[in-house]
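Chemist: One structure coming up, written as structure tokens, with questions to follow.
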Protein chains: 2
Amino acid sequence: MSPAFAIVCGAGSLPLEAAREIEQAGRNVFLVGLVGSAGREIERHPHLWVRLGEVGKLLAALKARGIVEVGFLGAVTRPDLGDLLPDWGAIVRAGEIAKLFRGGDDTLLRGVARLFESEGLRVVGPSEFAPGLLAPRGEIAGPPPDEDARADIGFGARLLEAMSPFDIGQGAVIAAERALAIEAAEGTDRMLARVAELRAGGRLRLKGRVGVFVKAAKRGQDLRLDMPAVGPATIAAAKRAQLVGLAVAAGEVLIADRPAFIKAAQEAGLFVHGWPA
Amino acid sequence: MSPAFAIVCGAGSLPLEAAREIEQAGRNVFLVGLVGSAGREIERHPHLWVRLGEVGKLLAALKARGIVEVGFLGAVTRPDLGDLLPDWGAIVRAGEIAKLFRGGDDTLLRGVARLFESEGLRVVGPSEFAPGLLAPRGEIAGPPPDEDARADIGFGARLLEAMSPFDIGQGAVIAAERALAIEAAEGTDRMLARVAELRAGGRLRLKGRVGVFVKAAKRGQDLRLDMPAVGPATIAAAKRAQLVGLAVAAGEVLIADRPAFIKAAQEAGLFVHGWPA
């Protein structure tokens, strides 16, 4: 039997959904829960809890099990150097780790991948170990976007592309080919909440439901480590922002809890479109 | 004596500061106050109040005074077609006016300029009628930015440049070459408030004062109508966001109430730098 596939687990349902998908494909999983991020449910599978910074403990556990392939899933708050509780494994790699803390998230994550690879592990992305979680092309929920929405999707896609070299640009809200909000460090949910607030407060005066939330990975983003994700909470936030729909880049965005996600979109009357399609 | 110079006045002190600068240069001014935006102080000068949409009234008043040059200053909330109280002058130009309401602010403003020009008026920018209000190059307040801050200014300038074709991109907050926030429809003050909230809430974990607010006009933006502006409130917001300073594009950004602005920056320990310099 081949060694287990390890998933380093952050918050949310995605790590568990991936574990299920891998097990259904006939392979064992080993879940490494990040304390403070991952949920207790990981304990239903073979698992280990580690704190951020316990690099030595994590690497030793994988080696002891003969594990050579590892994936990363779920949200982790960007750590502060001072939050890390370094073990000896982290301390001997301190030079490498310190370098990770300058620059955008992508810089940080690339460094994490390099660190694992320098230990002989293969870092695998969700497109390989849990392809069923990725957004497909075409209609995911609701009717196809109309002509106005298609124009907004195109505008948003080009805008995100232009921002990509700056290690940002995973999300924007576009209405009538105007950018209402652009996501940076605040994250998707806060950005959508902002659109709802700007509309409620009269700063954005738009009648009825209008606007599309467009989400993609950054060009050159390491999709093995930090694939953007949407889920039922994204639908709720898009509904509060009175949008007409969501457009996600097919193959670049994870959908958490897909049955609940699709049901929520349908109930909210929002389309979800995988572009290009 | 040459005919007066007309300023269509939105909110804030800038229209009055410009009026003072023009009068000191020996020319009369005629202030057109937008109801709901301009302050009562415009009444100290020859003036007229108009509502948004009273295009006919405005054009007739300028023609009656032989005025051929007009400038626009001060913030105006982006109007909704339904808010306009159109007079006959607006109604006969309804086709042109309706076209203005699709697309970004720049599209709207270019259309306003074209409308005035088609009536034989010359639309003049602040760089010509009130050059004393523009940010100069170099140190405006405080010490020069240090090396880290210079790197952030460069990063922000390149980011704003990349976003320019999308009719956005007047402001961003950059720290350690990472974009913490990007301004879209919410405006500068709300964007800076967001950085303060993200830091206070622990979503952004940055120690001490760090980060620069970088502000520029969009490439191709019509600087006659919508020059970005900073003022004392910008300093207060940047202080709450715990930044180290502000960098404004020299010649592209207006500084409102400069003595109070500089004093506030000095008291807050923030540098204000006009780039490139």
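Letters A, B, ... go to the chains of the structure tokens in the order shown; residues in each chain start at 1; ligands are counted from 1 in the same order.
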Write down as a ChimeraX atom specification the residues of stretch 18-90 of chain A whose backbone DSSP state falls under strand (DSSP E).

Modeler: /A:29-34,47-50,69-73

Chemist: Those residues with all heavy atoms, as a short mmCIF file (atom, residue, chain, number, x, y, z; two decimals), in the first residue's frame please?

Modeler:
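again-v8.cif, written as the output of this step:
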```
data_model
loop_
_atom_site.label_atom_id
_atom_site.label_comp_id
_atom_site.auth_asym_id
_atom_site.auth_seq_id
_atom_site.Cartn_x
_atom_site.Cartn_y
_atom_site.Cartn_z
N VAL A 29 -5.26 8.97 4.10
CA VAL A 29 -4.84 10.34 4.35
C VAL A 29 -4.29 10.47 5.76
O VAL A 29 -4.61 9.67 6.64
CB VAL A 29 -6.00 11.37 4.18
CG1 VAL A 29 -6.47 11.44 2.75
CG2 VAL A 29 -7.14 11.07 5.14
N PHE A 30 -3.46 11.47 5.93
CA PHE A 30 -2.95 11.82 7.26
C PHE A 30 -3.13 13.33 7.39
O PHE A 30 -2.59 14.10 6.58
CB PHE A 30 -1.47 11.43 7.37
CG PHE A 30 -0.84 11.78 8.68
CD1 PHE A 30 -1.27 11.17 9.86
CD2 PHE A 30 0.17 12.74 8.76
CE1 PHE A 30 -0.69 11.50 11.08
CE2 PHE A 30 0.76 13.06 9.97
CZ PHE A 30 0.32 12.45 11.14
N LEU A 31 -3.95 13.74 8.37
CA LEU A 31 -4.28 15.16 8.47
C LEU A 31 -3.45 15.83 9.55
O LEU A 31 -3.41 15.37 10.69
CB LEU A 31 -5.78 15.34 8.77
CG LEU A 31 -6.74 14.72 7.73
CD1 LEU A 31 -8.19 15.10 8.04
CD2 LEU A 31 -6.37 15.14 6.32
N VAL A 32 -2.81 16.92 9.17
CA VAL A 32 -2.02 17.70 10.12
C VAL A 32 -2.81 18.98 10.41
O VAL A 32 -2.95 19.84 9.55
CB VAL A 32 -0.65 18.05 9.54
CG1 VAL A 32 0.14 18.87 10.55
CG2 VAL A 32 0.11 16.78 9.15
N GLY A 33 -3.39 19.05 11.61
CA GLY A 33 -4.23 20.21 11.95
C GLY A 33 -3.40 21.33 12.53
O GLY A 33 -2.61 21.11 13.45
N LEU A 34 -3.58 22.53 11.99
CA LEU A 34 -2.90 23.69 12.58
C LEU A 34 -3.74 24.18 13.75
O LEU A 34 -4.92 24.54 13.57
CB LEU A 34 -2.75 24.78 11.53
CG LEU A 34 -1.78 24.46 10.39
CD1 LEU A 34 -1.83 25.53 9.31
CD2 LEU A 34 -0.35 24.31 10.92
N HIS A 47 -4.34 11.61 12.37
CA HIS A 47 -4.04 13.05 12.40
C HIS A 47 -2.96 13.38 13.41
O HIS A 47 -2.56 12.54 14.23
CB HIS A 47 -5.31 13.84 12.76
CG HIS A 47 -5.73 13.60 14.17
ND1 HIS A 47 -6.47 12.50 14.55
CD2 HIS A 47 -5.49 14.29 15.32
CE1 HIS A 47 -6.67 12.53 15.85
NE2 HIS A 47 -6.08 13.60 16.34
N LEU A 48 -2.54 14.63 13.33
CA LEU A 48 -1.56 15.19 14.26
C LEU A 48 -1.86 16.68 14.38
O LEU A 48 -2.16 17.33 13.37
CB LEU A 48 -0.14 15.01 13.67
CG LEU A 48 1.01 15.70 14.40
CD1 LEU A 48 1.37 14.92 15.67
CD2 LEU A 48 2.24 15.79 13.47
N TRP A 49 -1.81 17.21 15.60
CA TRP A 49 -1.96 18.66 15.77
C TRP A 49 -0.57 19.31 15.86
O TRP A 49 0.30 18.80 16.57
CB TRP A 49 -2.74 18.98 17.06
CG TRP A 49 -4.20 18.66 16.96
CD1 TRP A 49 -4.84 17.56 17.45
CD2 TRP A 49 -5.20 19.47 16.33
NE1 TRP A 49 -6.18 17.62 17.16
CE2 TRP A 49 -6.44 18.78 16.48
CE3 TRP A 49 -5.19 20.69 15.64
CZ2 TRP A 49 -7.65 19.28 15.97
CZ3 TRP A 49 -6.38 21.19 15.15
CH2 TRP A 49 -7.59 20.49 15.30
N VAL A 50 -0.39 20.39 15.14
CA VAL A 50 0.86 21.15 15.29
C VAL A 50 0.53 22.63 15.42
O VAL A 50 -0.50 23.10 14.92
CB VAL A 50 1.85 20.98 14.10
CG1 VAL A 50 2.27 19.53 13.94
CG2 VAL A 50 1.26 21.52 12.81
N GLU A 69 4.22 12.94 -0.06
CA GLU A 69 3.38 13.90 -0.76
C GLU A 69 2.49 14.63 0.22
O GLU A 69 1.85 14.01 1.08
CB GLU A 69 2.50 13.21 -1.81
CG GLU A 69 3.33 12.66 -2.97
CD GLU A 69 2.43 12.12 -4.05
OE1 GLU A 69 1.49 11.36 -3.73
OE2 GLU A 69 2.65 12.45 -5.23
N VAL A 70 2.44 15.95 0.08
CA VAL A 70 1.69 16.75 1.04
C VAL A 70 0.96 17.87 0.31
O VAL A 70 1.45 18.44 -0.66
CB VAL A 70 2.64 17.30 2.15
CG1 VAL A 70 3.77 18.14 1.57
CG2 VAL A 70 1.89 18.08 3.20
N GLY A 71 -0.26 18.14 0.80
CA GLY A 71 -1.04 19.25 0.26
C GLY A 71 -1.43 20.20 1.39
O GLY A 71 -1.32 19.84 2.57
N PHE A 72 -1.86 21.39 1.03
CA PHE A 72 -2.24 22.41 2.01
C PHE A 72 -3.65 22.88 1.66
O PHE A 72 -3.92 23.24 0.52
CB PHE A 72 -1.29 23.61 1.94
CG PHE A 72 0.13 23.29 2.35
CD1 PHE A 72 0.99 22.62 1.49
CD2 PHE A 72 0.60 23.65 3.61
CE1 PHE A 72 2.29 22.32 1.86
CE2 PHE A 72 1.90 23.35 3.98
CZ PHE A 72 2.75 22.69 3.11
N LEU A 73 -4.53 22.93 2.63
CA LEU A 73 -5.89 23.40 2.36
C LEU A 73 -6.48 24.10 3.58
O LEU A 73 -6.21 23.70 4.72
CB LEU A 73 -6.82 22.23 2.00
CG LEU A 73 -7.10 21.96 0.52
CD1 LEU A 73 -8.16 20.87 0.40
CD2 LEU A 73 -7.55 23.21 -0.22
#
```

Chemist: With only C-alpha atoms considered, list every residue of chain B at most 7 Å from chain A, as a compact mmCIF listing (two decimals) with N, CA, C and O atoms, in the first residue's frame.

Modeler:
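Below is the file that was written, result.txt:
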```txt
# COMPACT_ATOMS: atom_id res chain seq x y z
N ASP B 80 -27.26 60.06 -9.23
CA ASP B 80 -28.06 59.04 -9.86
C ASP B 80 -28.96 59.77 -10.84
O ASP B 80 -29.39 60.90 -10.58
N ARG B 102 -22.93 55.59 -17.69
CA ARG B 102 -22.39 54.23 -17.78
C ARG B 102 -20.87 54.33 -17.63
O ARG B 102 -20.25 55.22 -18.18
N GLY B 103 -20.28 53.43 -16.90
CA GLY B 103 -18.83 53.42 -16.77
C GLY B 103 -18.35 54.13 -15.51
O GLY B 103 -19.15 54.51 -14.66
N GLY B 104 -17.06 54.29 -15.41
CA GLY B 104 -16.43 54.83 -14.20
C GLY B 104 -16.59 56.33 -14.09
O GLY B 104 -17.16 56.98 -14.96
N LEU B 159 1.71 49.95 -8.95
CA LEU B 159 0.39 49.33 -8.85
C LEU B 159 -0.70 50.27 -9.37
O LEU B 159 -1.56 49.87 -10.16
N ALA B 162 -0.68 50.39 -13.05
CA ALA B 162 -1.24 49.19 -13.70
C ALA B 162 -2.77 49.19 -13.67
O ALA B 162 -3.41 48.65 -14.56
N MET B 163 -3.34 49.80 -12.64
CA MET B 163 -4.80 49.80 -12.52
C MET B 163 -5.45 50.95 -13.30
O MET B 163 -6.66 50.96 -13.50
N PHE B 166 -8.27 50.92 -15.96
CA PHE B 166 -9.58 50.45 -15.54
C PHE B 166 -10.37 51.56 -14.84
O PHE B 166 -11.38 51.30 -14.19
N ALA B 176 5.72 47.07 3.46
CA ALA B 176 6.67 46.01 3.14
C ALA B 176 6.36 45.42 1.77
O ALA B 176 6.34 44.20 1.59
N GLU B 177 6.10 46.30 0.80
CA GLU B 177 5.82 45.91 -0.58
C GLU B 177 4.66 44.93 -0.69
O GLU B 177 4.66 44.00 -1.50
N ARG B 178 3.67 45.14 0.14
CA ARG B 178 2.44 44.36 0.09
C ARG B 178 1.29 45.35 0.10
O ARG B 178 1.28 46.30 0.89
N ALA B 179 0.30 45.15 -0.77
CA ALA B 179 -0.85 46.04 -0.81
C ALA B 179 -1.83 45.64 0.28
O ALA B 179 -2.40 44.56 0.25
N LEU B 180 -2.00 46.51 1.26
CA LEU B 180 -2.94 46.23 2.34
C LEU B 180 -4.36 46.60 1.94
O LEU B 180 -5.32 45.97 2.36
N ALA B 181 -4.51 47.65 1.16
CA ALA B 181 -5.84 48.11 0.76
C ALA B 181 -5.72 48.88 -0.54
O ALA B 181 -4.74 49.57 -0.78
N ILE B 182 -6.74 48.73 -1.37
CA ILE B 182 -6.80 49.44 -2.65
C ILE B 182 -8.13 50.18 -2.70
O ILE B 182 -9.18 49.61 -2.39
N ALA B 184 -11.31 51.83 -4.27
CA ALA B 184 -12.18 51.83 -5.45
C ALA B 184 -13.31 52.83 -5.15
O ALA B 184 -13.02 53.99 -4.86
N ALA B 185 -14.55 52.38 -5.15
CA ALA B 185 -15.65 53.33 -5.00
C ALA B 185 -15.79 53.90 -3.59
O ALA B 185 -16.48 54.89 -3.37
N GLU B 186 -15.13 53.27 -2.60
CA GLU B 186 -15.35 53.71 -1.22
C GLU B 186 -14.68 55.04 -0.91
O GLU B 186 -15.07 55.71 0.04
N LEU B 198 -8.57 46.75 10.22
CA LEU B 198 -7.92 45.45 10.02
C LEU B 198 -6.77 45.28 11.01
O LEU B 198 -6.51 44.17 11.49
N ARG B 205 -1.56 41.89 11.02
CA ARG B 205 -0.71 41.91 12.19
C ARG B 205 0.60 42.57 11.85
O ARG B 205 1.50 41.94 11.31
```

Chemist: Residues at most 9 Å from A:Trp275, counting only C-alpha atoms, excluding those fewer than 6 positions away in the same chain, as a ChimeraX atom specification?

Modeler: /A:136-139,153,247-250

Chemist: Write the residues you've just listed into a file as a compact mmCIF listing (two decimals), in the first residue's frame, and include all heavy atoms for each of them.

Modeler:
```
# COMPACT_ATOMS: atom_id res chain seq x y z
N PRO A 136 -15.82 24.24 -12.04
CA PRO A 136 -15.79 23.85 -13.45
C PRO A 136 -16.13 25.04 -14.35
O PRO A 136 -16.47 26.12 -13.86
CB PRO A 136 -16.90 22.81 -13.53
CG PRO A 136 -17.90 23.28 -12.53
CD PRO A 136 -17.12 23.96 -11.42
N ARG A 137 -16.00 24.85 -15.64
CA ARG A 137 -16.43 25.88 -16.59
C ARG A 137 -17.94 25.85 -16.74
O ARG A 137 -18.57 24.81 -16.61
CB ARG A 137 -15.80 25.60 -17.96
CG ARG A 137 -14.31 25.84 -17.99
CD ARG A 137 -13.71 25.38 -19.29
NE ARG A 137 -13.80 26.43 -20.30
CZ ARG A 137 -12.78 26.76 -21.13
NH1 ARG A 137 -11.64 26.11 -21.06
NH2 ARG A 137 -12.93 27.72 -21.99
N GLY A 138 -18.50 27.00 -17.06
CA GLY A 138 -19.92 27.07 -17.39
C GLY A 138 -20.79 27.33 -16.18
O GLY A 138 -20.33 27.84 -15.15
N GLU A 139 -22.06 26.97 -16.30
CA GLU A 139 -23.04 27.34 -15.27
C GLU A 139 -22.92 26.40 -14.07
O GLU A 139 -23.10 25.19 -14.20
CB GLU A 139 -24.46 27.32 -15.84
CG GLU A 139 -24.64 28.05 -17.16
CD GLU A 139 -23.72 29.25 -17.37
OE1 GLU A 139 -23.48 30.02 -16.41
OE2 GLU A 139 -23.21 29.41 -18.49
N ILE A 153 -17.98 40.69 -16.18
CA ILE A 153 -17.05 39.58 -15.94
C ILE A 153 -15.75 39.80 -16.72
O ILE A 153 -14.65 39.65 -16.19
CB ILE A 153 -17.69 38.22 -16.31
CG1 ILE A 153 -18.87 37.91 -15.36
CG2 ILE A 153 -16.65 37.09 -16.25
CD1 ILE A 153 -19.75 36.75 -15.82
N ALA A 247 -18.71 35.16 -10.61
CA ALA A 247 -17.97 34.54 -11.70
C ALA A 247 -16.63 34.11 -11.17
O ALA A 247 -15.85 34.93 -10.66
CB ALA A 247 -17.79 35.52 -12.85
N VAL A 248 -16.37 32.82 -11.23
CA VAL A 248 -15.11 32.28 -10.69
C VAL A 248 -14.31 31.69 -11.85
O VAL A 248 -14.87 31.13 -12.79
CB VAL A 248 -15.38 31.22 -9.61
CG1 VAL A 248 -16.03 31.86 -8.39
CG2 VAL A 248 -16.25 30.09 -10.13
N ALA A 249 -13.00 31.84 -11.77
CA ALA A 249 -12.14 31.30 -12.83
C ALA A 249 -12.12 29.78 -12.71
O ALA A 249 -11.71 29.24 -11.68
CB ALA A 249 -10.73 31.87 -12.70
N ALA A 250 -12.58 29.11 -13.74
CA ALA A 250 -12.65 27.65 -13.72
C ALA A 250 -11.26 27.05 -13.53
O ALA A 250 -10.28 27.52 -14.12
CB ALA A 250 -13.25 27.14 -15.03
```

Chemist: Set the distance at 8 Å and use only C-alpha atoms: which residues neighbour A:Ser13 once local chain neighbours fewer than 4 positions away are removed? I'd like the list as a count of residues only.

Modeler: 4

Chemist: Suppose you want the space between atom CA of A:Ser127 and atom CA of A:Lys218; what is it in Å?

Modeler: 15.7 Å

Chemist: Please list as number ranges by chain every residue within 7 Å of B:Glu252, counting only C-alpha atoms and excluding residues in the same chain fewer than 2 positions away.

Modeler: B: 134, 216-217, 227, 249-250, 254

Chemist: Mind writing the picked residues with all heavy atoms as a PDB file, in the first residue's frame?

Modeler:
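selection-v5.pdb, written as the output of this step:
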```pdb
ATOM      1  N   LEU B 134      -1.642  72.654  -5.852  1.00  0.00           N
ATOM      2  CA  LEU B 134      -1.108  71.341  -6.232  1.00  0.00           C
ATOM      3  C   LEU B 134       0.063  70.917  -5.352  1.00  0.00           C
ATOM      4  O   LEU B 134       0.877  71.734  -4.929  1.00  0.00           O
ATOM      5  CB  LEU B 134      -0.638  71.365  -7.690  1.00  0.00           C
ATOM      6  CG  LEU B 134      -1.713  71.067  -8.737  1.00  0.00           C
ATOM      7  CD1 LEU B 134      -2.805  72.121  -8.735  1.00  0.00           C
ATOM      8  CD2 LEU B 134      -1.091  70.961 -10.119  1.00  0.00           C
ATOM      9  N   ALA B 216      -2.257  59.008  -6.398  1.00  0.00           N
ATOM     10  CA  ALA B 216      -1.910  59.593  -7.694  1.00  0.00           C
ATOM     11  C   ALA B 216      -3.180  59.729  -8.505  1.00  0.00           C
ATOM     12  O   ALA B 216      -4.203  59.139  -8.177  1.00  0.00           O
ATOM     13  CB  ALA B 216      -0.923  58.698  -8.435  1.00  0.00           C
ATOM     14  N   ALA B 217      -3.102  60.513  -9.556  1.00  0.00           N
ATOM     15  CA  ALA B 217      -4.191  60.525 -10.522  1.00  0.00           C
ATOM     16  C   ALA B 217      -4.075  59.279 -11.379  1.00  0.00           C
ATOM     17  O   ALA B 217      -3.017  58.659 -11.464  1.00  0.00           O
ATOM     18  CB  ALA B 217      -4.096  61.770 -11.387  1.00  0.00           C
ATOM     19  N   MET B 227      -9.243  66.135 -10.069  1.00  0.00           N
ATOM     20  CA  MET B 227      -7.922  65.914  -9.531  1.00  0.00           C
ATOM     21  C   MET B 227      -8.075  65.331  -8.122  1.00  0.00           C
ATOM     22  O   MET B 227      -8.891  65.811  -7.343  1.00  0.00           O
ATOM     23  CB  MET B 227      -7.197  67.257  -9.474  1.00  0.00           C
ATOM     24  CG  MET B 227      -5.712  67.113  -9.317  1.00  0.00           C
ATOM     25  SD  MET B 227      -4.873  68.707  -9.505  1.00  0.00           S
ATOM     26  CE  MET B 227      -4.398  68.640 -11.216  1.00  0.00           C
ATOM     27  N   ALA B 249       1.440  62.126  -5.761  1.00  0.00           N
ATOM     28  CA  ALA B 249       2.081  62.419  -7.045  1.00  0.00           C
ATOM     29  C   ALA B 249       2.104  63.927  -7.240  1.00  0.00           C
ATOM     30  O   ALA B 249       1.061  64.582  -7.276  1.00  0.00           O
ATOM     31  CB  ALA B 249       1.321  61.737  -8.170  1.00  0.00           C
ATOM     32  N   ALA B 250       3.307  64.479  -7.353  1.00  0.00           N
ATOM     33  CA  ALA B 250       3.460  65.926  -7.499  1.00  0.00           C
ATOM     34  C   ALA B 250       2.758  66.400  -8.765  1.00  0.00           C
ATOM     35  O   ALA B 250       2.831  65.753  -9.810  1.00  0.00           O
ATOM     36  CB  ALA B 250       4.942  66.278  -7.559  1.00  0.00           C
ATOM     37  N   LEU B 254      -4.272  67.614  -5.287  1.00  0.00           N
ATOM     38  CA  LEU B 254      -4.525  68.891  -4.607  1.00  0.00           C
ATOM     39  C   LEU B 254      -4.378  68.712  -3.108  1.00  0.00           C
ATOM     40  O   LEU B 254      -4.747  67.675  -2.560  1.00  0.00           O
ATOM     41  CB  LEU B 254      -5.950  69.357  -4.905  1.00  0.00           C
ATOM     42  CG  LEU B 254      -6.246  69.689  -6.374  1.00  0.00           C
ATOM     43  CD1 LEU B 254      -7.750  69.691  -6.629  1.00  0.00           C
ATOM     44  CD2 LEU B 254      -5.641  71.050  -6.719  1.00  0.00           C
TER      45      LEU B 254
END
```

Chemist: Could you pull the residues within 9 Å of A:Ala18, counting only C-alpha atoms, minus those fewer than 6 positions along the same chain, as a PyMOL selection string?

Modeler: chain A and resi 7+73+126+129-133

Chemist: Need to verify the contact set: stretch 267-269 of chain A, 9 Å, only C-alpha atoms, exclusion of same-chain residues closer than 3 positions in sequence. Can you return it as number ranges by chain?

Modeler: A: 142, 235-236, 239, 244-245, 262-264

Chemist: Counting only C-alpha atoms, which of A:Val35, A:Leu223, A:Val8, A:Ile140 gets nearest to A:Arg51?

Modeler: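 Under the stated criterion, the closest residue is A:Val35.
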
Chemist: Which of stretch 29-226 of chain A end up as helix (DSSP H, G or I) when DSSP is run on this backbone - answer as a ChimeraX atom specification?

Modeler: /A:40-44,55-64,81-83,88-92,94-99,105-117,126-129,131-133,147-166,188-200

Chemist: Identify which of the residues B:Leu225, B:Pro259, B:Gly231, B:Gly211 lies closest to B:Gly111, counting only C-alpha atoms when measuring atom-to-atom distances.

Modeler: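 Of all the options, B:Leu225 lies closest to B:Gly111.
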